[in-house]
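Trainee: I have a structure here, written as structure tokens, and I will follow up with some questions on it.
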Amino acid sequence: MRLLIKNIGQLCQVEQASENRLKVSGSDMAVVPSIANAWVLCEGDVIHSFGSMDSLGDISADETIDAAGGYVLPAWCDSHTHLVFAAPRDGEFVNRIKGLSYEEIARQGGGILNSARKLNEMDESELYDQSLERLHKVMHQGTGAIEIKSGYGLCEEGELKMLRVIRKLKENSRATIKASFLAAHAYPVEYKENKEGYIKLIIEKMLPRVAGEGLADYMDVFCEQGFFGVPETEQLLEAGWKYGLKPKIHANQLHYSGGVQVGVKHNALSVDHLECVGEEEIASLKSGNTMPTLLPGAAFFLGIHYQPARKIIDAGLPVCLATDYNPGSCPSGNVSLLLSIACTQLKMTPEEAVNAVTLNGAAAMELAHTHGTIKVGKVANLMITSKMPSLAYIPYDYGNNNIRSVVINGRVL
Ligand code: NIG
Ligand code: FE
């Protein structure tokens with residue numbers, strides 16, 4: 001199957017065969033290499049060739065799409081989500097409007113524990129159906145690769161159920177999916193007074209089964225005051241590494257928790273959230289290869305302060321953006337909206353934001369060799385927008401959908 005897209009206003013985030021861009025850092029983030037008035041040809045599930053319309057000639061294709069001046073970008077790479085969950089938490093949303101904080105709700109047994117109760121009551125097939133529906137929705141909004149976490153089971157069977165649902169999504173959907181094991185998301189009620197016991201359960205019982213069944217790619221921990229501290233995080237990350245699970249952790253969302261430093265120390269693929277980042281965190285990030293991943297959708301929805309994206313980029317570091325799609329702190333997996341928040345609140349330029357959720361998003365899932373740019377031989381995951389005056393129009397036109405069609409593995413969704 002050969003799919004040709006022609007009359008493209010701008011073909012964005014192109015990479016030449018001679019390049020080997022595996023992430024974008026610092027001032028390089030300001031540039032999205034593009035070709036005006038272009039075409040791209042997909043063959044099978046990969047990108048075959050591309051160029052400017054002058055060079056098109058008479059290429060044969062099974063299907064041709066006239067982009068009519070619309071932009072073409074690589075599909076989004078959303079590297080941090082909790083898309084598998086059983087029920088919304090709109091009641092907590094209203095309680096937060098009335099003045100309760102996210103942490104207060106969690107202390108009262110709501111929050112993650114609320115989601116865990118609902119998830120453990122739901123059977124696997126219903127959980128799968130709901131999750132697949134959510135996945136399809138975000139794919140139609142432009143997402144082609146996505147990371148999904150466990151973390152609402154908080155018991156052996158619940159965590160395995162979530163990871164099996166993620167595996168089934170991997171098998172049955174065209175999206176590229178990575179799974180993270182996040183049993184250390186919160187202490188379940190029955191372990192409130194026996195925190196060591198829960199860590200032991202994760203390390204001795206859950207991890208061997210998760211690894212044995214090949215259910216996870218990464219090890220996640222919510223490293224935060226009132227959740228998992230630095231010593232517990234270290235213990236868990238070391239245990240994960242023994243099974244080959246690279247860390248990819250929640251860090252520095254609500255406090256200067258030491259999460260960034262512990263993540264970098266244990267060679268985490270990424271440290272995510274990062275509302276609380278000062279000089280020490282920047283120095284730590286500069287000493288390693290861990291990707292700083294910002295989740296401004298959660299800061300927006302919780303009404304907490306935003307991540308210092310400028311400080312991180314100006315230090316020469318890369319920045320990745322992800323949605324954090326989950327029922328508590330960010331019930332949206334819409335990347336276009338995430339870009340609007342990143343540009344207006346974090347003062348990222350549209351080009352920086354696009355780099356953050358394409359190539360850097362791919363890097364935060366170890367997919368930079370195959371995803372995140374438009375390069376010959378890479379997976380043909382693309383989106384076509386309506387006709388736009390500039391790349392800035394995507395975040396500018398906030399809340400509106402300008403994605404006309406999405407191509408995954410070389411075929412239109
Ligand atoms: O990334 N911060 C921890 N975990 C999620 C929220 C989970 C929830 O509230 O259900 C997050 O924001
Ligand atoms: Fe999260």
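By order of appearance in the structure tokens: chains A, B, ..., then residues from 1 within every chain, and ligands from 1 in the order shown.
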Which residues come within 8 Å of His140 (chain A), counting only C-alpha atoms, excluding same-chain residues fewer than 2 positions away, as a list of chain:residue names?
Mentor: A:His136, A:Lys137, A:Val138, A:Gly142, A:Thr143, A:Ser405, A:Val406, A:Leu413
Trainee: Limited to C-alpha atoms, could you put the picked residues into a file as a compact mmCIF listing (two decimals), in the first residue's frame?
Mentor:
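Written file, result_0.txt:
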```
# COMPACT_ATOMS: atom_id res chain seq x y z
CA HIS A 136 -9.03 5.78 19.88
CA LYS A 137 -10.10 9.26 20.94
CA VAL A 138 -6.52 10.46 21.51
CA GLY A 142 -3.09 13.05 16.64
CA THR A 143 -1.35 10.70 19.09
CA SER A 405 -6.75 13.23 9.49
CA VAL A 406 -4.26 10.97 11.17
CA LEU A 413 -7.36 6.13 10.79
```
Trainee: Could you list, as JSON, numbers by chain, all protein and nucleic acid residues with an atom at most 8 Å from ligand 1, counting only C-alpha atoms and all ligand atoms?
Mentor: {"A": [81, 82, 102, 111, 112, 115, 152, 185, 222, 250, 253, 273, 295, 298, 324, 326, 327, 328, 329, 330]}
Trainee: Kindly save the residues from that selection, with C-alpha atoms included, as a tab-separated table (two decimals), in the first residue's frame.
Mentor:
```tsv
chain	number	residue	atom	x	y	z
A	81	THR	CA	-0.37	8.77	30.61
A	82	HIS	CA	-2.63	6.85	32.98
A	102	TYR	CA	-5.31	17.42	45.81
A	111	GLY	CA	-7.66	10.52	44.74
A	112	ILE	CA	-5.60	7.54	43.62
A	115	SER	CA	-9.53	5.16	41.43
A	152	TYR	CA	-4.69	2.05	40.05
A	185	HIS	CA	1.60	5.16	43.08
A	222	PHE	CA	5.40	8.51	42.64
A	250	HIS	CA	7.00	10.95	38.90
A	253	GLN	CA	5.27	17.66	41.42
A	273	HIS	CA	6.10	16.58	36.34
A	295	LEU	CA	3.12	17.81	32.43
A	298	ALA	CA	-1.86	18.56	35.38
A	324	ASP	CA	-0.48	12.86	32.04
A	326	ASN	CA	-5.65	10.51	34.11
A	327	PRO	CA	-8.96	10.88	35.96
A	328	GLY	CA	-7.60	12.99	38.83
A	329	SER	CA	-5.10	15.61	37.77
A	330	CYS	CA	-5.57	15.78	33.99
```
Trainee: Calculated over only C-alpha atoms and all ligand atoms, which of the candidates A:Val94, A:Leu100, A:Ile249, A:Met122 has the smallest distance to ligand 2?
Mentor: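 Counting only C-alpha atoms and all ligand atoms, the residue closest to ligand 2 is A:Ile249.
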Trainee: Which one of A:Ala353, A:Ile177, A:Met162, A:Val84 sits closest to ligand 2 if you count only C-alpha atoms and all ligand atoms?
Mentor: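 Looking at the shortest contact to ligand 2, the residue is A:Val84.
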Trainee: Any chance you could list, as an mmCIF file with N, CA and C atoms, in the first residue's frame, the residues in region 10-249 of chain A that come up helix (DSSP H, G or I) when DSSP is run on the backbone?
Mentor:
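Full text of states.cif as output:
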```
data_model
loop_
_atom_site.group_PDB
_atom_site.id
_atom_site.type_symbol
_atom_site.label_atom_id
_atom_site.label_comp_id
_atom_site.auth_asym_id
_atom_site.auth_seq_id
_atom_site.Cartn_x
_atom_site.Cartn_y
_atom_site.Cartn_z
ATOM 1 N N GLY A 26 18.095 22.518 24.430
ATOM 2 C CA GLY A 26 18.444 23.939 24.540
ATOM 3 C C GLY A 26 17.950 24.764 23.366
ATOM 4 N N SER A 27 18.849 25.602 22.811
ATOM 5 C CA SER A 27 18.436 26.537 21.759
ATOM 6 C C SER A 27 18.032 25.811 20.471
ATOM 7 N N ASP A 28 18.470 24.567 20.285
ATOM 8 C CA ASP A 28 18.040 23.818 19.081
ATOM 9 C C ASP A 28 16.534 23.576 19.091
ATOM 10 N N MET A 29 15.926 23.648 20.274
ATOM 11 C CA MET A 29 14.484 23.387 20.351
ATOM 12 C C MET A 29 13.667 24.456 19.631
ATOM 13 N N ALA A 30 14.283 25.601 19.356
ATOM 14 C CA ALA A 30 13.556 26.698 18.701
ATOM 15 C C ALA A 30 13.302 26.426 17.226
ATOM 16 N N MET A 53 7.104 20.099 -3.830
ATOM 17 C CA MET A 53 6.194 19.752 -4.932
ATOM 18 C C MET A 53 6.890 19.820 -6.298
ATOM 19 N N ASP A 54 7.910 20.690 -6.448
ATOM 20 C CA ASP A 54 8.638 20.767 -7.736
ATOM 21 C C ASP A 54 9.257 19.415 -8.097
ATOM 22 N N SER A 55 9.558 18.611 -7.056
ATOM 23 C CA SER A 55 10.284 17.360 -7.303
ATOM 24 C C SER A 55 9.350 16.153 -7.385
ATOM 25 N N ASP A 90 -15.090 13.326 38.841
ATOM 26 C CA ASP A 90 -15.656 14.673 38.724
ATOM 27 C C ASP A 90 -16.117 15.219 40.070
ATOM 28 N N GLY A 91 -16.460 14.311 41.012
ATOM 29 C CA GLY A 91 -16.855 14.781 42.350
ATOM 30 C C GLY A 91 -15.685 15.465 43.056
ATOM 31 N N GLU A 92 -14.506 14.886 42.918
ATOM 32 C CA GLU A 92 -13.304 15.493 43.523
ATOM 33 C C GLU A 92 -12.974 16.830 42.854
ATOM 34 N N PHE A 93 -13.248 16.898 41.574
ATOM 35 C CA PHE A 93 -13.031 18.146 40.824
ATOM 36 C C PHE A 93 -13.852 19.273 41.469
ATOM 37 N N VAL A 94 -15.109 18.952 41.783
ATOM 38 C CA VAL A 94 -15.982 19.959 42.399
ATOM 39 C C VAL A 94 -15.479 20.285 43.812
ATOM 40 N N ASN A 95 -15.033 19.274 44.556
ATOM 41 C CA ASN A 95 -14.491 19.528 45.897
ATOM 42 C C ASN A 95 -13.256 20.412 45.849
ATOM 43 N N ARG A 96 -12.446 20.248 44.817
ATOM 44 C CA ARG A 96 -11.261 21.114 44.692
ATOM 45 C C ARG A 96 -11.679 22.548 44.370
ATOM 46 N N ILE A 97 -12.724 22.695 43.561
ATOM 47 C CA ILE A 97 -13.230 24.051 43.262
ATOM 48 C C ILE A 97 -13.639 24.718 44.571
ATOM 49 N N TYR A 102 -5.532 18.780 46.319
ATOM 50 C CA TYR A 102 -5.307 17.417 45.807
ATOM 51 C C TYR A 102 -4.787 16.532 46.935
ATOM 52 N N GLU A 103 -3.853 17.077 47.740
ATOM 53 C CA GLU A 103 -3.275 16.274 48.828
ATOM 54 C C GLU A 103 -4.300 15.997 49.926
ATOM 55 N N GLU A 104 -5.144 16.988 50.245
ATOM 56 C CA GLU A 104 -6.188 16.758 51.267
ATOM 57 C C GLU A 104 -7.148 15.659 50.826
ATOM 58 N N ILE A 105 -7.531 15.714 49.571
ATOM 59 C CA ILE A 105 -8.444 14.689 49.036
ATOM 60 C C ILE A 105 -7.788 13.309 49.143
ATOM 61 N N ALA A 106 -6.490 13.249 48.817
ATOM 62 C CA ALA A 106 -5.765 11.972 48.902
ATOM 63 C C ALA A 106 -5.719 11.489 50.356
ATOM 64 N N ARG A 107 -5.448 12.394 51.296
ATOM 65 C CA ARG A 107 -5.367 12.002 52.724
ATOM 66 C C ARG A 107 -6.696 11.460 53.235
ATOM 67 N N ILE A 112 -6.063 8.799 44.213
ATOM 68 C CA ILE A 112 -5.602 7.544 43.616
ATOM 69 C C ILE A 112 -6.313 6.349 44.265
ATOM 70 N N LEU A 113 -6.559 6.430 45.587
ATOM 71 C CA LEU A 113 -7.234 5.312 46.281
ATOM 72 C C LEU A 113 -8.678 5.157 45.793
ATOM 73 N N ASN A 114 -9.300 6.250 45.483
ATOM 74 C CA ASN A 114 -10.649 6.233 44.921
ATOM 75 C C ASN A 114 -10.627 5.491 43.575
ATOM 76 N N SER A 115 -9.653 5.846 42.728
ATOM 77 C CA SER A 115 -9.534 5.155 41.430
ATOM 78 C C SER A 115 -9.224 3.679 41.610
ATOM 79 N N ALA A 116 -8.433 3.340 42.637
ATOM 80 C CA ALA A 116 -8.076 1.933 42.875
ATOM 81 C C ALA A 116 -9.316 1.122 43.270
ATOM 82 N N ARG A 117 -10.151 1.711 44.117
ATOM 83 C CA ARG A 117 -11.397 1.000 44.510
ATOM 84 C C ARG A 117 -12.219 0.671 43.278
ATOM 85 N N LYS A 118 -12.428 1.673 42.448
ATOM 86 C CA LYS A 118 -13.266 1.485 41.239
ATOM 87 C C LYS A 118 -12.636 0.465 40.294
ATOM 88 N N LEU A 119 -11.324 0.559 40.149
ATOM 89 C CA LEU A 119 -10.663 -0.338 39.195
ATOM 90 C C LEU A 119 -10.736 -1.790 39.653
ATOM 91 N N ASN A 120 -10.589 -1.999 40.959
ATOM 92 C CA ASN A 120 -10.614 -3.383 41.448
ATOM 93 C C ASN A 120 -12.020 -3.987 41.411
ATOM 94 N N GLU A 121 -13.033 -3.123 41.308
ATOM 95 C CA GLU A 121 -14.412 -3.635 41.186
ATOM 96 C C GLU A 121 -14.759 -3.993 39.738
ATOM 97 N N GLU A 124 -11.886 -7.211 33.766
ATOM 98 C CA GLU A 124 -10.841 -6.855 32.798
ATOM 99 C C GLU A 124 -11.404 -6.450 31.435
ATOM 100 N N SER A 125 -12.467 -7.135 31.004
ATOM 101 C CA SER A 125 -12.942 -6.834 29.649
ATOM 102 C C SER A 125 -13.604 -5.456 29.597
ATOM 103 N N GLU A 126 -14.318 -5.082 30.651
ATOM 104 C CA GLU A 126 -14.932 -3.747 30.650
ATOM 105 C C GLU A 126 -13.848 -2.662 30.720
ATOM 106 N N LEU A 127 -12.825 -2.930 31.529
ATOM 107 C CA LEU A 127 -11.708 -1.983 31.649
ATOM 108 C C LEU A 127 -11.027 -1.805 30.292
ATOM 109 N N TYR A 128 -10.873 -2.918 29.581
ATOM 110 C CA TYR A 128 -10.251 -2.876 28.255
ATOM 111 C C TYR A 128 -11.106 -2.054 27.286
ATOM 112 N N ASP A 129 -12.411 -2.332 27.256
ATOM 113 C CA ASP A 129 -13.289 -1.628 26.311
ATOM 114 C C ASP A 129 -13.239 -0.114 26.530
ATOM 115 N N GLN A 130 -13.314 0.281 27.798
ATOM 116 C CA GLN A 130 -13.273 1.719 28.130
ATOM 117 C C GLN A 130 -11.947 2.341 27.706
ATOM 118 N N SER A 131 -10.871 1.594 27.961
ATOM 119 C CA SER A 131 -9.531 2.137 27.686
ATOM 120 C C SER A 131 -9.302 2.252 26.190
ATOM 121 N N LEU A 132 -9.800 1.254 25.446
ATOM 122 C CA LEU A 132 -9.648 1.276 23.988
ATOM 123 C C LEU A 132 -10.373 2.497 23.401
ATOM 124 N N GLU A 133 -11.536 2.778 23.953
ATOM 125 C CA GLU A 133 -12.302 3.943 23.487
ATOM 126 C C GLU A 133 -11.493 5.235 23.710
ATOM 127 N N ARG A 134 -10.883 5.334 24.887
ATOM 128 C CA ARG A 134 -10.047 6.518 25.185
ATOM 129 C C ARG A 134 -8.841 6.591 24.257
ATOM 130 N N LEU A 135 -8.254 5.415 24.012
ATOM 131 C CA LEU A 135 -7.078 5.381 23.130
ATOM 132 C C LEU A 135 -7.461 5.850 21.727
ATOM 133 N N HIS A 136 -8.597 5.363 21.219
ATOM 134 C CA HIS A 136 -9.031 5.781 19.883
ATOM 135 C C HIS A 136 -9.262 7.284 19.839
ATOM 136 N N LYS A 137 -9.818 7.817 20.898
ATOM 137 C CA LYS A 137 -10.096 9.258 20.938
ATOM 138 C C LYS A 137 -8.794 10.058 20.817
ATOM 139 N N VAL A 138 -7.769 9.679 21.584
ATOM 140 C CA VAL A 138 -6.520 10.465 21.515
ATOM 141 C C VAL A 138 -5.789 10.217 20.189
ATOM 142 N N MET A 139 -5.959 9.024 19.615
ATOM 143 C CA MET A 139 -5.337 8.779 18.305
ATOM 144 C C MET A 139 -5.962 9.708 17.260
ATOM 145 N N HIS A 140 -7.271 9.880 17.327
ATOM 146 C CA HIS A 140 -7.923 10.796 16.386
ATOM 147 C C HIS A 140 -7.521 12.246 16.657
ATOM 148 N N GLU A 156 -1.725 -7.094 43.929
ATOM 149 C CA GLU A 156 -1.133 -7.934 42.900
ATOM 150 C C GLU A 156 -2.068 -8.135 41.700
ATOM 151 N N GLU A 157 -3.297 -8.549 41.987
ATOM 152 C CA GLU A 157 -4.208 -8.854 40.875
ATOM 153 C C GLU A 157 -4.606 -7.600 40.110
ATOM 154 N N GLY A 158 -4.819 -6.511 40.830
ATOM 155 C CA GLY A 158 -5.236 -5.259 40.189
ATOM 156 C C GLY A 158 -4.161 -4.709 39.263
ATOM 157 N N GLU A 159 -2.921 -4.733 39.722
ATOM 158 C CA GLU A 159 -1.820 -4.215 38.898
ATOM 159 C C GLU A 159 -1.632 -5.085 37.657
ATOM 160 N N LEU A 160 -1.707 -6.405 37.861
ATOM 161 C CA LEU A 160 -1.547 -7.307 36.710
ATOM 162 C C LEU A 160 -2.700 -7.140 35.727
ATOM 163 N N LYS A 161 -3.896 -6.931 36.277
ATOM 164 C CA LYS A 161 -5.059 -6.710 35.402
ATOM 165 C C LYS A 161 -4.818 -5.473 34.514
ATOM 166 N N MET A 162 -4.353 -4.399 35.123
ATOM 167 C CA MET A 162 -4.087 -3.178 34.342
ATOM 168 C C MET A 162 -3.043 -3.424 33.266
ATOM 169 N N LEU A 163 -1.967 -4.102 33.647
ATOM 170 C CA LEU A 163 -0.885 -4.331 32.679
ATOM 171 C C LEU A 163 -1.334 -5.268 31.554
ATOM 172 N N ARG A 164 -2.239 -6.197 31.884
ATOM 173 C CA ARG A 164 -2.751 -7.078 30.816
ATOM 174 C C ARG A 164 -3.643 -6.290 29.860
ATOM 175 N N VAL A 165 -4.393 -5.347 30.425
ATOM 176 C CA VAL A 165 -5.219 -4.486 29.562
ATOM 177 C C VAL A 165 -4.298 -3.698 28.632
ATOM 178 N N ILE A 166 -3.195 -3.178 29.168
ATOM 179 C CA ILE A 166 -2.262 -2.405 28.323
ATOM 180 C C ILE A 166 -1.675 -3.322 27.236
ATOM 181 N N ARG A 167 -1.346 -4.542 27.621
ATOM 182 C CA ARG A 167 -0.800 -5.470 26.612
ATOM 183 C C ARG A 167 -1.822 -5.743 25.500
ATOM 184 N N LYS A 168 -3.083 -5.883 25.905
ATOM 185 C CA LYS A 168 -4.126 -6.117 24.909
ATOM 186 C C LYS A 168 -4.294 -4.896 23.994
ATOM 187 N N LEU A 169 -4.145 -3.709 24.566
ATOM 188 C CA LEU A 169 -4.203 -2.496 23.738
ATOM 189 C C LEU A 169 -3.047 -2.512 22.736
ATOM 190 N N LYS A 170 -1.865 -2.919 23.213
ATOM 191 C CA LYS A 170 -0.691 -3.010 22.321
ATOM 192 C C LYS A 170 -0.987 -3.954 21.160
ATOM 193 N N GLU A 171 -1.625 -5.094 21.489
ATOM 194 C CA GLU A 171 -1.859 -6.114 20.465
ATOM 195 C C GLU A 171 -2.934 -5.694 19.466
ATOM 196 N N ASN A 172 -3.932 -4.954 19.943
ATOM 197 C CA ASN A 172 -5.100 -4.710 19.107
ATOM 198 C C ASN A 172 -5.208 -3.304 18.545
ATOM 199 N N VAL A 189 -4.928 1.236 51.416
ATOM 200 C CA VAL A 189 -5.436 1.455 52.776
ATOM 201 C C VAL A 189 -4.903 0.406 53.755
ATOM 202 N N GLU A 190 -4.917 -0.870 53.331
ATOM 203 C CA GLU A 190 -4.529 -1.940 54.259
ATOM 204 C C GLU A 190 -3.040 -1.912 54.606
ATOM 205 N N TYR A 191 -2.253 -1.102 53.905
ATOM 206 C CA TYR A 191 -0.820 -1.007 54.223
ATOM 207 C C TYR A 191 -0.464 0.367 54.795
ATOM 208 N N LYS A 195 4.021 0.371 55.705
ATOM 209 C CA LYS A 195 4.517 0.795 54.387
ATOM 210 C C LYS A 195 5.610 -0.137 53.877
ATOM 211 N N GLU A 196 6.449 -0.592 54.780
ATOM 212 C CA GLU A 196 7.511 -1.530 54.375
ATOM 213 C C GLU A 196 6.914 -2.789 53.757
ATOM 214 N N GLY A 197 5.788 -3.202 54.338
ATOM 215 C CA GLY A 197 5.118 -4.412 53.851
ATOM 216 C C GLY A 197 4.682 -4.246 52.403
ATOM 217 N N TYR A 198 4.198 -3.054 52.058
ATOM 218 C CA TYR A 198 3.755 -2.838 50.668
ATOM 219 C C TYR A 198 4.954 -2.839 49.715
ATOM 220 N N ILE A 199 6.051 -2.204 50.133
ATOM 221 C CA ILE A 199 7.256 -2.177 49.278
ATOM 222 C C ILE A 199 7.720 -3.628 49.050
ATOM 223 N N LYS A 200 7.678 -4.404 50.137
ATOM 224 C CA LYS A 200 8.092 -5.811 50.050
ATOM 225 C C LYS A 200 7.185 -6.575 49.059
ATOM 226 N N LEU A 201 5.886 -6.308 49.162
ATOM 227 C CA LEU A 201 4.932 -6.948 48.254
ATOM 228 C C LEU A 201 5.267 -6.610 46.794
ATOM 229 N N ILE A 202 5.556 -5.338 46.552
ATOM 230 C CA ILE A 202 5.879 -4.929 45.166
ATOM 231 C C ILE A 202 7.136 -5.661 44.696
ATOM 232 N N ILE A 203 8.179 -5.609 45.550
ATOM 233 C CA ILE A 203 9.477 -6.146 45.111
ATOM 234 C C ILE A 203 9.473 -7.677 45.041
ATOM 235 N N GLU A 204 8.880 -8.291 46.042
ATOM 236 C CA GLU A 204 9.009 -9.758 46.098
ATOM 237 C C GLU A 204 7.903 -10.508 45.361
ATOM 238 N N LYS A 205 6.723 -9.914 45.289
ATOM 239 C CA LYS A 205 5.615 -10.643 44.657
ATOM 240 C C LYS A 205 5.268 -10.096 43.264
ATOM 241 N N MET A 206 5.052 -8.758 43.221
ATOM 242 C CA MET A 206 4.527 -8.224 41.957
ATOM 243 C C MET A 206 5.594 -8.193 40.860
ATOM 244 N N LEU A 207 6.763 -7.626 41.185
ATOM 245 C CA LEU A 207 7.794 -7.457 40.156
ATOM 246 C C LEU A 207 8.148 -8.769 39.437
ATOM 247 N N PRO A 208 8.383 -9.872 40.169
ATOM 248 C CA PRO A 208 8.716 -11.114 39.460
ATOM 249 C C PRO A 208 7.614 -11.549 38.496
ATOM 250 N N ARG A 209 6.341 -11.341 38.866
ATOM 251 C CA ARG A 209 5.255 -11.736 37.960
ATOM 252 C C ARG A 209 5.185 -10.803 36.761
ATOM 253 N N VAL A 210 5.306 -9.497 37.026
ATOM 254 C CA VAL A 210 5.245 -8.515 35.937
ATOM 255 C C VAL A 210 6.364 -8.782 34.929
ATOM 256 N N ALA A 211 7.567 -8.995 35.465
ATOM 257 C CA ALA A 211 8.714 -9.247 34.580
ATOM 258 C C ALA A 211 8.574 -10.626 33.921
ATOM 259 N N GLY A 212 8.142 -11.596 34.691
ATOM 260 C CA GLY A 212 7.990 -12.957 34.166
ATOM 261 C C GLY A 212 7.036 -13.001 32.985
ATOM 262 N N VAL A 230 12.503 9.325 49.087
ATOM 263 C CA VAL A 230 13.707 8.982 48.328
ATOM 264 C C VAL A 230 14.234 7.580 48.677
ATOM 265 N N PRO A 231 14.327 7.182 49.969
ATOM 266 C CA PRO A 231 14.850 5.840 50.247
ATOM 267 C C PRO A 231 13.983 4.734 49.652
ATOM 268 N N GLU A 232 12.667 4.899 49.744
ATOM 269 C CA GLU A 232 11.765 3.883 49.168
ATOM 270 C C GLU A 232 11.906 3.864 47.638
ATOM 271 N N THR A 233 12.020 5.063 47.056
ATOM 272 C CA THR A 233 12.161 5.140 45.595
ATOM 273 C C THR A 233 13.432 4.408 45.164
ATOM 274 N N GLU A 234 14.535 4.648 45.889
ATOM 275 C CA GLU A 234 15.805 3.992 45.531
ATOM 276 C C GLU A 234 15.657 2.476 45.565
ATOM 277 N N GLN A 235 15.028 2.010 46.645
ATOM 278 C CA GLN A 235 14.840 0.568 46.810
ATOM 279 C C GLN A 235 14.059 -0.017 45.626
ATOM 280 N N LEU A 236 12.997 0.697 45.238
ATOM 281 C CA LEU A 236 12.143 0.219 44.157
ATOM 282 C C LEU A 236 12.847 0.289 42.803
ATOM 283 N N LEU A 237 13.591 1.363 42.578
ATOM 284 C CA LEU A 237 14.270 1.496 41.283
ATOM 285 C C LEU A 237 15.361 0.431 41.135
ATOM 286 N N GLU A 238 16.069 0.191 42.231
ATOM 287 C CA GLU A 238 17.100 -0.859 42.175
ATOM 288 C C GLU A 238 16.468 -2.224 41.879
ATOM 289 N N ALA A 239 15.337 -2.480 42.511
ATOM 290 C CA ALA A 239 14.650 -3.759 42.278
ATOM 291 C C ALA A 239 14.184 -3.844 40.827
ATOM 292 N N GLY A 240 13.656 -2.758 40.289
ATOM 293 C CA GLY A 240 13.200 -2.744 38.895
ATOM 294 C C GLY A 240 14.351 -3.033 37.932
ATOM 295 N N TRP A 241 15.486 -2.372 38.182
ATOM 296 C CA TRP A 241 16.659 -2.573 37.313
ATOM 297 C C TRP A 241 17.072 -4.039 37.269
ATOM 298 N N LYS A 242 16.911 -4.741 38.401
ATOM 299 C CA LYS A 242 17.307 -6.172 38.426
ATOM 300 C C LYS A 242 16.512 -6.978 37.407
#
```
Trainee: Quick one: residues within 10 Å of Thr344 (chain A), only C-alpha atoms counted, chain neighbours fewer than 6 positions away excluded, as a ChimeraX atom specification?
Mentor: /A:350,395-396
Trainee: How about saving the chosen residues, N, CA and C atoms kept, as a PDB file, in the first residue's frame?
Mentor:
```pdb
ATOM      1  N   PRO A 350       6.002  27.871  20.006  1.00  0.00           N
ATOM      2  CA  PRO A 350       5.329  26.746  19.342  1.00  0.00           C
ATOM      3  C   PRO A 350       6.337  25.711  18.819  1.00  0.00           C
ATOM      4  N   PRO A 395      -1.234  25.828  18.625  1.00  0.00           N
ATOM      5  CA  PRO A 395      -1.496  26.265  20.002  1.00  0.00           C
ATOM      6  C   PRO A 395      -2.336  27.543  20.090  1.00  0.00           C
ATOM      7  N   TYR A 396      -2.229  28.400  19.082  1.00  0.00           N
ATOM      8  CA  TYR A 396      -2.987  29.658  19.089  1.00  0.00           C
ATOM      9  C   TYR A 396      -4.494  29.404  19.071  1.00  0.00           C
TER      10      TYR A 396
END
```
Trainee: Please report, as number ranges by chain, each residue of region 60-307 of chain A to which DSSP assigns strand (DSSP E) when run on this structure's backbone.
Mentor: A: 63-66, 70-74, 76-78, 143-149, 176-184, 218-223, 246-251, 270-273, 291-294
Trainee: Pick out the closest residue to Ala179 (chain A) from this set: A:Arg89, A:Lys311, A:Lys192, A:His80. Count only C-alpha atoms.
Mentor: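 Selected residue with least distance to Ala179 (chain A): A:His80.
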Trainee: Interatomic distance between CA of Val357 (chain A) and CA of Ala87 (chain A)?
Mentor: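 According to the coordinates, CA of Val357 (chain A) and CA of Ala87 (chain A) are separated by 26.9 Å.
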